[in-house]
Amino acid sequence: MTQGFGTPSVAIATTPTVISTFFSHLFARNKRKSQSKKSLEQGGPGGGPENQLSYEEGLKVIRRFLEFASHHGVEEVQGFTAMWVPTPHWVRRETVTIPDTNIRAAEDILSKHLSTYGPEGEQGGGLKLIGGDKWWRVRGRTLEGEWIEMQKDYLKRKATTSSRSSTQPQSTNQPPPTQNGGYADYWKYLPKRAGTAGSDSVRDNSGADVKDDRVILYIHGGAFFFSSLETHRYQVQRHARKAGARAFSPAYRLAPQYPFPCGLLDSLASYLYLIDPPSGAHDPILPTNIIFMGDSAGGGMVISLLVLIREMGLPMPAGASLISPWVDLTHSMPSIGGWDGGDFIPSSGFHYKPSCAWPPLTGDGITITMPDGSEQHFDEQIQMYCPNNLTHPLVSPVNLGSLGGLCPLLIVGGGGELLRDEIIYLAHKTASPTKYPPGSLTLSQYPDQARMVNKYKPTKVHLQIYEGCCHVVPTLSWTRSSKYMYRACANFNIWAFTAAQKAVERKLHHEKSHHSLKDKHASRQNSTNNSTSTASSSVSASRATSTIDLTQPIIGNTAASAANKEELDLGDLESEASSDSDESTSTYQDDGVPAEDQGPSKGVVTVSGREPLFGPNNIVSERVSTHGKIRAFEPVESVPALDPGLREHIGQIHGGGAIQKWLNKRAQWDEKYSKELKKWRDLKSKDRVLAEKHGYLTGDLQGERPPLCSLAGIFDEGLARDVGRSVDEPTGKQSGVVGMWMKMGAKADKQHAGGDNLGEIKQNVEHEIKEEQIRRASVSAGTAAQRPSQGMVDEPGVIPEHEVVNR
């Protein structure tokens with residue numbers, strides 16, 4: 001890492017901000033206090049989140065960090081946010097490599113899907129839009145991911161995991177193409193009923209019996225070009241703990257070295273790794289036992305991934321929780337150009353000192369319609385994630401023809417963030433696909449999207465906007481607003497896991513009943529035609545091992561209602577919901593929807609395992625105060641983001657919009673660092689000539705056009721190594737600043753660690769397991785047909801010593 005950007009320099013740059021914020025906050029205390037009281041008396045939110053000193057300091061520190069980082073190269077920022085951070089003793093971290101088999105499968109699926117976009121989509125010409133079919137497959141390091149969960153949760157899971165047989169023969173019956181026109185050859189990813197017709201279990205594609213696992217696939221944010229698993233681990237572990245789950249996070253390739261669709265490919269490969277792992281890895285995970293999560297850029301990537309899954313006939317996960325998703329890289333919505341005092345995202349975009357990685361050569365520019373109607377071409381790459389097609393529906397999902405047909409979504413965002421409008425628009429577009437179709441210009445660019453508009457049923461969406469909050473509030477994990485946002489995610493995730501399981505059980509019961517009726521019918525015919533009986537038995541056996549179609553969202557009204565009625569043990573899940581003095585816990589009691597199908601209304605955000613998603617409406621829109629109080633959203637007609645007049649404006653870059661701020665800032669940086677800019681552009685211009693002549697980095701990319709920012713588009717291997725070092729070669733150095741930030745955010749987890757060291761955690765878990773076994777034995781005592789305790793280890797309550805090792 002270049003000298004001058006590290007823990008000491010960042011600390012020196014941000015410390016004055018902490019001090020000045022403390023005194024300014026202190027001096028304005030009385031004024032804020034009176035305003036907050038008045039606001040509460042009038043039924044308002046009780047003041048903004050900046051009333052909390054730790055929130056205001058955190059917000060300003062991030063803002064100062066981003067400003068400080070802009071005077072360094074983008075590689076330095078990437079390297080700093082990828083520095084190693086120690087994992088606390090109460091967290092179990094296991095790093096794994098995603099195998100080539102999953103990556104190759106993901107490449108084939110993504111290639112087929114990408115080929116459908118654009119004017120030549122029907123002829124498979126969509127790959128031209130991104131520069132070809134090969135360059136985005138190039139990678140400088142293996143794709144890794146990490147499993148994250150609380151040590152005590154891991155120990156309990158290992159001790160209570162059911163014995164699973166992988167020796168059952170797999171069904172060779174290939175189902176017909178899925179309803180959405182997907183590919184029947186993806187049947188292997190779909191789970192199957194158990195081999196016995198009367199069984200209430202379900203088997204994964206390896207033949208193993210599965211039902212109760214809970215996994216969160218978390219795609220981290222960072223504007224697609226910085227942050228890492230290190231910076232996000234404290235958030236991921238908290239989401240996993242509060243949902244009673246474990247999490248898997250991929251270290252996907254970052255832009256600008258690896259622009260779109262590199263990150264999307266790695267995310268897809270990670271999902272395939274979960275549901276179809278190679279021999280010797282973890283047991284395959286049922287898709288309905290998986291929930292997607294993502295923040296900022298990661299949230300946008302999750303939406304694109306779900307659409308990819310929908311279109312390619314892959315199994316849907318149970319649900320998805322999105323935190324401040326970035327879904328409009330064209331910055332076309334009103335809030336992006338509004339007041340920026342409540343957010344840390346720079347309103348002029350991200351700019352950095354010229355270096356070998358950024359900015360790229362000119363040539364991947366864009367033509368923009370100016371306010372006076374004229375067209376002007378800007379020969380600059382505006383966003384690091386995507387060079388010259390920011391309107392691509394998988395880059396800016398607001399441009400997708402339809403966001404219907406997806407699994408249930410929780411979408412949360414901040415009322416003070418610049419991305420506020422696109423977050424609100426995304427939620428309503430998913431819930432009302434036909435009401436918010438793409439504009440005419442977008443459809444002319446991507447005519448393939450027109451047929452999607454009316455194709456899918458609305459998606460169920462729960463939208464919450466947290467008053468006055470900044471982008472990705474959980475980044476400030478110690479603050480009051482983030483606590484409620486964590487709760488909202490935990491509540492939705494628990495509900496989705498439960499509802500999906502109820503739905504699977506219902507499908508199994510329905511199919512079993514269907515078999516029973518068929519068998520009775522066959523029995524009546526048996527006396528007259530033995531051959532018919534034989535044929536019926538054959539059909540029954542075939543159906544008994546048939547595939548359960550999970551390509552459609554599995555959670556329906558019945559399963560949702562069943563999940564809402566499920567008793568939730570808050571003590572076991574340690575949701576923190578009972579540890580705070582909440583002002584109210586009242587629930588919805590209107591609109592003729594059963595109370596168990598509704599959530600808190602005039603109360604506070606809490607973890608109850610209930611969701612108000614099902615009833616007459618496809619969307620539940622709420623605002624949440626800094627004290628966690630929930631109130632209904634204002635009418636659609638008064639929401640700026642939902643103005644019908646914006647339709648032709650959304651998803652397109654406009655000369656009078658945010659791009660002007662970006663261009664002005666870019667001009668300042670070009671002048672300020674003109675010497676460095678000239679140096680790197682001269683060097684890369686010479687390299688590009690050779691690359692185009694000899695097939696770019698790998699030598700076999702003739703006929704393609706890798707983006708000018710991409711590592712694959714370089715010729716000289718030494719230059720490519722320099723460009724990719726910050727994302728392909730972790731330094732191994734420890735980050736004191738990020739480590740301190742994580743400690744602040746992980747205080748809540750430490751309170752629920754279960755012990756001061758691994759030995760104590762292990763001892764306490766064994767004690768809990770023994771107590772649970774005693775309780776079960778007491779309940780079942782005296783029962784004639786006593787059911788043996790399932791899923792315990794051979795020596796109950798004893799955990800092998802090697803199982804507590806923190807990797």
# chains A, B, ... in the order shown; residues from 1 in each chain; ligands from 1
call {"tool": "residues_around", "arguments": {"residues": "Gly655 (chain A)", "least_positions_apart": "2", "cutoff": "12 Å", "atoms": "only C-alpha atoms", "output": "list in words"}}
result
Thr330, His331, Ser332, Ile366, Thr367, Ile368, Thr369, Met370, Pro371, Asp372, Gly373, Ser374, Glu375, Gln376, His377, Phe378, His649, Gln652, Ile653, Gly657, Ala658, Ile659, Gln660, Lys661, Trp662 and Leu663 of chain A
call {"tool": "residues_around", "arguments": {"residues": "region 445-455 of chain A", "least_positions_apart": "4", "cutoff": "8 Å", "atoms": "only C-alpha atoms", "output": "PyMOL selection string"}}
result
chain A and resi 116-119+121-122+392+400-402+433-434+437+441
call {"tool": "write_last_selection", "arguments": {"atoms": "N, CA and C atoms", "output": "CSV table (one decimal), in the first residue's frame"}}
result
chain,number,residue,atom,x,y,z
A,116,THR,N,-29.7,-12.1,-24.0
A,116,THR,CA,-31.1,-11.8,-24.4
A,116,THR,C,-31.4,-10.3,-24.3
A,117,TYR,N,-30.4,-9.5,-23.9
A,117,TYR,CA,-30.7,-8.0,-23.7
A,117,TYR,C,-30.4,-7.2,-25.0
A,118,GLY,N,-31.1,-6.1,-25.1
A,118,GLY,CA,-30.8,-5.2,-26.2
A,118,GLY,C,-31.6,-5.4,-27.5
A,119,PRO,N,-31.4,-4.6,-28.5
A,119,PRO,CA,-32.1,-4.7,-29.8
A,119,PRO,C,-31.9,-6.0,-30.5
A,121,GLY,N,-31.3,-8.9,-28.9
A,121,GLY,CA,-31.5,-9.9,-27.9
A,121,GLY,C,-32.1,-11.2,-28.4
A,122,GLU,N,-33.0,-11.1,-29.3
A,122,GLU,CA,-33.7,-12.3,-29.8
A,122,GLU,C,-32.7,-13.1,-30.6
A,392,HIS,N,-28.3,-0.4,-18.6
A,392,HIS,CA,-28.5,-1.9,-18.7
A,392,HIS,C,-29.4,-2.3,-17.5
A,400,LEU,N,-35.6,-2.6,-15.4
A,400,LEU,CA,-36.1,-3.9,-15.8
A,400,LEU,C,-37.6,-3.8,-16.1
A,401,GLY,N,-38.0,-4.6,-17.1
A,401,GLY,CA,-39.4,-4.6,-17.5
A,401,GLY,C,-40.3,-4.9,-16.4
A,402,SER,N,-40.0,-5.9,-15.6
A,402,SER,CA,-40.8,-6.2,-14.4
A,402,SER,C,-39.9,-6.7,-13.3
A,433,PRO,N,-45.8,-4.2,-10.8
A,433,PRO,CA,-45.0,-4.2,-12.1
A,433,PRO,C,-45.7,-3.4,-13.2
A,434,THR,N,-47.0,-3.6,-13.4
A,434,THR,CA,-47.6,-2.9,-14.6
A,434,THR,C,-47.8,-1.4,-14.4
A,437,PRO,N,-43.9,0.6,-15.4
A,437,PRO,CA,-43.1,0.1,-16.4
A,437,PRO,C,-41.9,1.0,-16.8
A,441,LEU,N,-37.9,5.4,-23.9
A,441,LEU,CA,-36.5,5.4,-24.3
A,441,LEU,C,-35.8,4.2,-23.8
call {"tool": "closest_residue", "arguments": {"among": "A:Ile424, A:Glu67, A:Glu671, A:Ala562", "to": "Gln501 (chain A)", "atoms": "only C-alpha atoms"}}
result
A:Ala562
call {"tool": "residues_around", "arguments": {"residues": "Leu306 (chain A)", "least_positions_apart": "5", "cutoff": "10 Å", "atoms": "only C-alpha atoms", "output": "PDB file with N, CA and C atoms, in the first residue's frame"}}
result
ATOM      1  N   LEU A 268     -23.712 -15.344  -8.306  1.00  0.00           N
ATOM      2  CA  LEU A 268     -24.459 -16.502  -8.793  1.00  0.00           C
ATOM      3  C   LEU A 268     -23.716 -17.794  -8.473  1.00  0.00           C
ATOM      4  N   PHE A 292     -31.462 -14.152   0.874  1.00  0.00           N
ATOM      5  CA  PHE A 292     -30.461 -13.232   0.349  1.00  0.00           C
ATOM      6  C   PHE A 292     -30.491 -11.940   1.164  1.00  0.00           C
ATOM      7  N   MET A 301     -27.204  -5.721  -6.368  1.00  0.00           N
ATOM      8  CA  MET A 301     -26.770  -6.964  -6.981  1.00  0.00           C
ATOM      9  C   MET A 301     -27.735  -8.103  -6.650  1.00  0.00           C
ATOM     10  N   GLU A 311     -35.514 -15.644 -14.473  1.00  0.00           N
ATOM     11  CA  GLU A 311     -35.531 -15.822 -15.919  1.00  0.00           C
ATOM     12  C   GLU A 311     -34.908 -17.140 -16.362  1.00  0.00           C
ATOM     13  N   MET A 312     -33.973 -17.666 -15.574  1.00  0.00           N
ATOM     14  CA  MET A 312     -33.272 -18.873 -15.991  1.00  0.00           C
ATOM     15  C   MET A 312     -33.827 -20.140 -15.346  1.00  0.00           C
ATOM     16  N   LEU A 314     -34.056 -21.095 -12.235  1.00  0.00           N
ATOM     17  CA  LEU A 314     -33.372 -21.617 -11.052  1.00  0.00           C
ATOM     18  C   LEU A 314     -34.310 -21.508  -9.853  1.00  0.00           C
ATOM     19  N   PRO A 315     -34.054 -22.270  -8.801  1.00  0.00           N
ATOM     20  CA  PRO A 315     -34.931 -22.195  -7.627  1.00  0.00           C
ATOM     21  C   PRO A 315     -34.777 -20.879  -6.881  1.00  0.00           C
ATOM     22  N   MET A 316     -35.899 -20.330  -6.448  1.00  0.00           N
ATOM     23  CA  MET A 316     -35.928 -19.074  -5.701  1.00  0.00           C
ATOM     24  C   MET A 316     -35.569 -19.315  -4.229  1.00  0.00           C
ATOM     25  N   PRO A 317     -34.875 -18.373  -3.608  1.00  0.00           N
ATOM     26  CA  PRO A 317     -34.673 -18.460  -2.155  1.00  0.00           C
ATOM     27  C   PRO A 317     -35.970 -18.120  -1.436  1.00  0.00           C
ATOM     28  N   GLY A 319     -36.589 -15.610   0.676  1.00  0.00           N
ATOM     29  CA  GLY A 319     -36.859 -14.175   0.670  1.00  0.00           C
ATOM     30  C   GLY A 319     -35.563 -13.408   0.548  1.00  0.00           C
ATOM     31  N   ALA A 320     -35.665 -12.078   0.601  1.00  0.00           N
ATOM     32  CA  ALA A 320     -34.468 -11.241   0.505  1.00  0.00           C
ATOM     33  C   ALA A 320     -34.684  -9.967   1.311  1.00  0.00           C
ATOM     34  N   LEU A 403     -40.298  -6.372 -12.090  1.00  0.00           N
ATOM     35  CA  LEU A 403     -39.672  -6.913 -10.889  1.00  0.00           C
ATOM     36  C   LEU A 403     -40.677  -7.780 -10.138  1.00  0.00           C
ATOM     37  N   GLY A 405     -42.790 -11.482  -9.655  1.00  0.00           N
ATOM     38  CA  GLY A 405     -42.392 -12.884  -9.671  1.00  0.00           C
ATOM     39  C   GLY A 405     -41.192 -13.213  -8.826  1.00  0.00           C
ATOM     40  N   LEU A 406     -40.798 -12.299  -7.923  1.00  0.00           N
ATOM     41  CA  LEU A 406     -39.648 -12.550  -7.048  1.00  0.00           C
ATOM     42  C   LEU A 406     -40.128 -13.035  -5.681  1.00  0.00           C
ATOM     43  N   CYS A 407     -39.217 -13.548  -4.900  1.00  0.00           N
ATOM     44  CA  CYS A 407     -39.545 -13.947  -3.536  1.00  0.00           C
ATOM     45  C   CYS A 407     -39.905 -12.707  -2.718  1.00  0.00           C
TER      46      CYS A 407
END
call {"tool": "atom_distance", "arguments": {"atom1": "CA of Gly341 (chain A)", "atom2": "CA of Pro644 (chain A)"}}
result
27.4 Å
call {"tool": "residues_around", "arguments": {"residues": "His220 (chain A)", "least_positions_apart": "6", "cutoff": "12 Å", "atoms": "only C-alpha atoms", "output": "number ranges by chain"}}
result
A: 145, 226-236, 247-254, 263, 267, 292-302, 322-326, 472, 475
call {"tool": "residues_around", "arguments": {"residues": "Val639 (chain A)", "least_positions_apart": "5", "cutoff": "12 Å", "atoms": "only C-alpha atoms", "output": "list in words"}}
result
Pro334, Ser335, Arg420, Asp421, Glu422, Ile424, Tyr425, His428, Ser621, Phe633, Glu634, Pro644 and Leu646 of chain A
call {"tool": "residues_around", "arguments": {"residues": "Ile148 (chain A)", "least_positions_apart": "6", "cutoff": "6 Å", "atoms": "only C-alpha atoms", "output": "ChimeraX atom specification"}}
result
/A:92-93,246-247
call {"tool": "closest_residue", "arguments": {"among": "A:Ala243, A:Leu272, A:Ile548, A:Ala223", "to": "Pro99 (chain A)", "atoms": "only C-alpha atoms"}}
result
A:Leu272
call {"tool": "residues_around", "arguments": {"residues": "region 345-353 of chain A", "least_positions_apart": "6", "cutoff": "9 Å", "atoms": "only C-alpha atoms", "output": "ChimeraX atom specification"}}
result
/A:62-63,66-67,69-74,336-339,359,382-384,417-418,470-471,658-666,669-670,672-673,676-677
call {"tool": "atom_distance", "arguments": {"atom1": "CA of Thr558 (chain A)", "atom2": "CA of Ala500 (chain A)"}}
result
10.6 Å
call {"tool": "closest_residue", "arguments": {"among": "A:Ile554, A:Leu129, A:Ile109, A:Cys469", "to": "Pro49 (chain A)", "atoms": "only C-alpha atoms"}}
result
A:Cys469
call {"tool": "atom_distance", "arguments": {"atom1": "CA of Tyr385 (chain A)", "atom2": "CA of Leu329 (chain A)"}}
result
8.9 Å
call {"tool": "closest_residue", "arguments": {"among": "A:Ala503, A:Ala281, A:Gln702, A:Phe5", "to": "Leu550 (chain A)", "atoms": "only C-alpha atoms"}}
result
A:Ala503
call {"tool": "decode", "arguments": {"residues": "region 225-239 of chain A", "atoms": "all heavy atoms", "output": "PDB file, in the first residue's frame"}}
result
ATOM      1  N   PHE A 225     -16.821  -1.107  -5.645  1.00  0.00           N
ATOM      2  CA  PHE A 225     -15.374  -1.036  -5.865  1.00  0.00           C
ATOM      3  C   PHE A 225     -14.534  -1.031  -4.599  1.00  0.00           C
ATOM      4  O   PHE A 225     -13.305  -1.137  -4.676  1.00  0.00           O
ATOM      5  CB  PHE A 225     -15.026   0.201  -6.721  1.00  0.00           C
ATOM      6  CG  PHE A 225     -15.127   1.523  -6.003  1.00  0.00           C
ATOM      7  CD1 PHE A 225     -14.028   2.055  -5.345  1.00  0.00           C
ATOM      8  CD2 PHE A 225     -16.301   2.242  -6.023  1.00  0.00           C
ATOM      9  CE1 PHE A 225     -14.113   3.287  -4.702  1.00  0.00           C
ATOM     10  CE2 PHE A 225     -16.406   3.469  -5.387  1.00  0.00           C
ATOM     11  CZ  PHE A 225     -15.310   3.999  -4.724  1.00  0.00           C
ATOM     12  N   PHE A 226     -15.127  -0.911  -3.428  1.00  0.00           N
ATOM     13  CA  PHE A 226     -14.320  -1.011  -2.214  1.00  0.00           C
ATOM     14  C   PHE A 226     -15.119  -1.717  -1.126  1.00  0.00           C
ATOM     15  O   PHE A 226     -16.230  -2.175  -1.350  1.00  0.00           O
ATOM     16  CB  PHE A 226     -13.824   0.353  -1.749  1.00  0.00           C
ATOM     17  CG  PHE A 226     -14.889   1.255  -1.152  1.00  0.00           C
ATOM     18  CD1 PHE A 226     -14.999   1.428   0.214  1.00  0.00           C
ATOM     19  CD2 PHE A 226     -15.761   1.958  -1.975  1.00  0.00           C
ATOM     20  CE1 PHE A 226     -15.971   2.256   0.751  1.00  0.00           C
ATOM     21  CE2 PHE A 226     -16.725   2.798  -1.452  1.00  0.00           C
ATOM     22  CZ  PHE A 226     -16.835   2.951  -0.064  1.00  0.00           C
ATOM     23  N   SER A 227     -14.543  -1.829   0.052  1.00  0.00           N
ATOM     24  CA  SER A 227     -15.062  -2.623   1.172  1.00  0.00           C
ATOM     25  C   SER A 227     -14.798  -4.108   0.898  1.00  0.00           C
ATOM     26  O   SER A 227     -14.375  -4.497  -0.188  1.00  0.00           O
ATOM     27  CB  SER A 227     -16.547  -2.373   1.421  1.00  0.00           C
ATOM     28  OG  SER A 227     -16.744  -1.088   1.978  1.00  0.00           O
ATOM     29  N   SER A 228     -15.054  -4.912   1.911  1.00  0.00           N
ATOM     30  CA  SER A 228     -14.684  -6.325   1.829  1.00  0.00           C
ATOM     31  C   SER A 228     -15.425  -7.121   2.891  1.00  0.00           C
ATOM     32  O   SER A 228     -16.233  -6.576   3.648  1.00  0.00           O
ATOM     33  CB  SER A 228     -13.170  -6.476   2.050  1.00  0.00           C
ATOM     34  OG  SER A 228     -12.837  -6.104   3.395  1.00  0.00           O
ATOM     35  N   LEU A 229     -15.118  -8.404   2.966  1.00  0.00           N
ATOM     36  CA  LEU A 229     -15.680  -9.226   4.030  1.00  0.00           C
ATOM     37  C   LEU A 229     -15.171  -8.765   5.387  1.00  0.00           C
ATOM     38  O   LEU A 229     -15.847  -8.939   6.404  1.00  0.00           O
ATOM     39  CB  LEU A 229     -15.311 -10.700   3.802  1.00  0.00           C
ATOM     40  CG  LEU A 229     -15.711 -11.309   2.458  1.00  0.00           C
ATOM     41  CD1 LEU A 229     -15.406 -12.797   2.436  1.00  0.00           C
ATOM     42  CD2 LEU A 229     -17.184 -11.064   2.156  1.00  0.00           C
ATOM     43  N   GLU A 230     -13.977  -8.182   5.420  1.00  0.00           N
ATOM     44  CA  GLU A 230     -13.413  -7.692   6.679  1.00  0.00           C
ATOM     45  C   GLU A 230     -14.235  -6.534   7.233  1.00  0.00           C
ATOM     46  O   GLU A 230     -14.535  -6.476   8.427  1.00  0.00           O
ATOM     47  CB  GLU A 230     -11.956  -7.261   6.470  1.00  0.00           C
ATOM     48  CG  GLU A 230     -11.041  -8.325   5.890  1.00  0.00           C
ATOM     49  CD  GLU A 230     -10.777  -9.461   6.866  1.00  0.00           C
ATOM     50  OE1 GLU A 230     -10.963  -9.275   8.078  1.00  0.00           O
ATOM     51  OE2 GLU A 230     -10.385 -10.553   6.396  1.00  0.00           O
ATOM     52  N   THR A 231     -14.591  -5.583   6.374  1.00  0.00           N
ATOM     53  CA  THR A 231     -15.325  -4.403   6.845  1.00  0.00           C
ATOM     54  C   THR A 231     -16.772  -4.723   7.193  1.00  0.00           C
ATOM     55  O   THR A 231     -17.389  -4.018   7.992  1.00  0.00           O
ATOM     56  CB  THR A 231     -15.323  -3.296   5.767  1.00  0.00           C
ATOM     57  OG1 THR A 231     -15.959  -3.789   4.578  1.00  0.00           O
ATOM     58  CG2 THR A 231     -13.918  -2.849   5.439  1.00  0.00           C
ATOM     59  N   HIS A 232     -17.320  -5.792   6.628  1.00  0.00           N
ATOM     60  CA  HIS A 232     -18.738  -6.085   6.811  1.00  0.00           C
ATOM     61  C   HIS A 232     -19.016  -7.229   7.781  1.00  0.00           C
ATOM     62  O   HIS A 232     -20.173  -7.498   8.089  1.00  0.00           O
ATOM     63  CB  HIS A 232     -19.384  -6.413   5.458  1.00  0.00           C
ATOM     64  CG  HIS A 232     -19.744  -5.208   4.656  1.00  0.00           C
ATOM     65  ND1 HIS A 232     -18.795  -4.400   4.071  1.00  0.00           N
ATOM     66  CD2 HIS A 232     -20.952  -4.641   4.364  1.00  0.00           C
ATOM     67  CE1 HIS A 232     -19.398  -3.400   3.437  1.00  0.00           C
ATOM     68  NE2 HIS A 232     -20.694  -3.524   3.610  1.00  0.00           N
ATOM     69  N   ARG A 233     -17.977  -7.872   8.276  1.00  0.00           N
ATOM     70  CA  ARG A 233     -18.204  -9.071   9.083  1.00  0.00           C
ATOM     71  C   ARG A 233     -19.036  -8.778  10.324  1.00  0.00           C
ATOM     72  O   ARG A 233     -19.884  -9.577  10.729  1.00  0.00           O
ATOM     73  CB  ARG A 233     -16.870  -9.702   9.479  1.00  0.00           C
ATOM     74  CG  ARG A 233     -17.021 -11.082  10.114  1.00  0.00           C
ATOM     75  CD  ARG A 233     -15.677 -11.741  10.362  1.00  0.00           C
ATOM     76  NE  ARG A 233     -14.947 -11.884   9.111  1.00  0.00           N
ATOM     77  CZ  ARG A 233     -13.757 -11.309   8.867  1.00  0.00           C
ATOM     78  NH1 ARG A 233     -13.193 -10.546   9.781  1.00  0.00           N
ATOM     79  NH2 ARG A 233     -13.166 -11.485   7.710  1.00  0.00           N
ATOM     80  N   TYR A 234     -18.812  -7.633  10.962  1.00  0.00           N
ATOM     81  CA  TYR A 234     -19.554  -7.343  12.189  1.00  0.00           C
ATOM     82  C   TYR A 234     -21.041  -7.149  11.911  1.00  0.00           C
ATOM     83  O   TYR A 234     -21.890  -7.453  12.756  1.00  0.00           O
ATOM     84  CB  TYR A 234     -18.973  -6.115  12.897  1.00  0.00           C
ATOM     85  CG  TYR A 234     -19.295  -4.772  12.284  1.00  0.00           C
ATOM     86  CD1 TYR A 234     -20.220  -3.919  12.867  1.00  0.00           C
ATOM     87  CD2 TYR A 234     -18.655  -4.347  11.115  1.00  0.00           C
ATOM     88  CE1 TYR A 234     -20.505  -2.686  12.310  1.00  0.00           C
ATOM     89  CE2 TYR A 234     -18.935  -3.120  10.554  1.00  0.00           C
ATOM     90  CZ  TYR A 234     -19.863  -2.286  11.153  1.00  0.00           C
ATOM     91  OH  TYR A 234     -20.152  -1.064  10.592  1.00  0.00           O
ATOM     92  N   GLN A 235     -21.389  -6.657  10.719  1.00  0.00           N
ATOM     93  CA  GLN A 235     -22.800  -6.551  10.351  1.00  0.00           C
ATOM     94  C   GLN A 235     -23.383  -7.927  10.028  1.00  0.00           C
ATOM     95  O   GLN A 235     -24.492  -8.265  10.460  1.00  0.00           O
ATOM     96  CB  GLN A 235     -22.964  -5.639   9.141  1.00  0.00           C
ATOM     97  CG  GLN A 235     -22.559  -4.192   9.361  1.00  0.00           C
ATOM     98  CD  GLN A 235     -22.773  -3.350   8.107  1.00  0.00           C
ATOM     99  OE1 GLN A 235     -23.860  -3.319   7.543  1.00  0.00           O
ATOM    100  NE2 GLN A 235     -21.728  -2.659   7.657  1.00  0.00           N
ATOM    101  N   VAL A 236     -22.625  -8.711   9.272  1.00  0.00           N
ATOM    102  CA  VAL A 236     -23.110 -10.025   8.848  1.00  0.00           C
ATOM    103  C   VAL A 236     -23.344 -10.930  10.051  1.00  0.00           C
ATOM    104  O   VAL A 236     -24.370 -11.619  10.136  1.00  0.00           O
ATOM    105  CB  VAL A 236     -22.112 -10.668   7.864  1.00  0.00           C
ATOM    106  CG1 VAL A 236     -22.563 -12.076   7.498  1.00  0.00           C
ATOM    107  CG2 VAL A 236     -21.966  -9.827   6.601  1.00  0.00           C
ATOM    108  N   GLN A 237     -22.399 -10.938  10.996  1.00  0.00           N
ATOM    109  CA  GLN A 237     -22.547 -11.819  12.146  1.00  0.00           C
ATOM    110  C   GLN A 237     -23.751 -11.432  12.997  1.00  0.00           C
ATOM    111  O   GLN A 237     -24.418 -12.290  13.584  1.00  0.00           O
ATOM    112  CB  GLN A 237     -21.270 -11.795  13.000  1.00  0.00           C
ATOM    113  CG  GLN A 237     -21.030 -10.506  13.762  1.00  0.00           C
ATOM    114  CD  GLN A 237     -19.601 -10.377  14.268  1.00  0.00           C
ATOM    115  OE1 GLN A 237     -18.653 -10.855  13.635  1.00  0.00           O
ATOM    116  NE2 GLN A 237     -19.422  -9.741  15.416  1.00  0.00           N
ATOM    117  N   ARG A 238     -24.058 -10.146  13.038  1.00  0.00           N
ATOM    118  CA  ARG A 238     -25.217  -9.711  13.820  1.00  0.00           C
ATOM    119  C   ARG A 238     -26.525 -10.109  13.144  1.00  0.00           C
ATOM    120  O   ARG A 238     -27.462 -10.565  13.799  1.00  0.00           O
ATOM    121  CB  ARG A 238     -25.171  -8.204  14.027  1.00  0.00           C
ATOM    122  CG  ARG A 238     -26.228  -7.687  15.003  1.00  0.00           C
ATOM    123  CD  ARG A 238     -25.907  -6.269  15.407  1.00  0.00           C
ATOM    124  NE  ARG A 238     -26.934  -5.710  16.281  1.00  0.00           N
ATOM    125  CZ  ARG A 238     -26.887  -4.471  16.765  1.00  0.00           C
ATOM    126  NH1 ARG A 238     -25.860  -3.683  16.487  1.00  0.00           N
ATOM    127  NH2 ARG A 238     -27.846  -4.017  17.548  1.00  0.00           N
ATOM    128  N   HIS A 239     -26.587  -9.963  11.827  1.00  0.00           N
ATOM    129  CA  HIS A 239     -27.779 -10.412  11.097  1.00  0.00           C
ATOM    130  C   HIS A 239     -27.980 -11.921  11.286  1.00  0.00           C
ATOM    131  O   HIS A 239     -29.110 -12.385  11.475  1.00  0.00           O
ATOM    132  CB  HIS A 239     -27.651 -10.091   9.616  1.00  0.00           C
ATOM    133  CG  HIS A 239     -27.839  -8.645   9.281  1.00  0.00           C
ATOM    134  ND1 HIS A 239     -29.003  -7.969   9.557  1.00  0.00           N
ATOM    135  CD2 HIS A 239     -27.012  -7.738   8.677  1.00  0.00           C
ATOM    136  CE1 HIS A 239     -28.898  -6.712   9.149  1.00  0.00           C
ATOM    137  NE2 HIS A 239     -27.707  -6.557   8.607  1.00  0.00           N
TER     138      HIS A 239
END
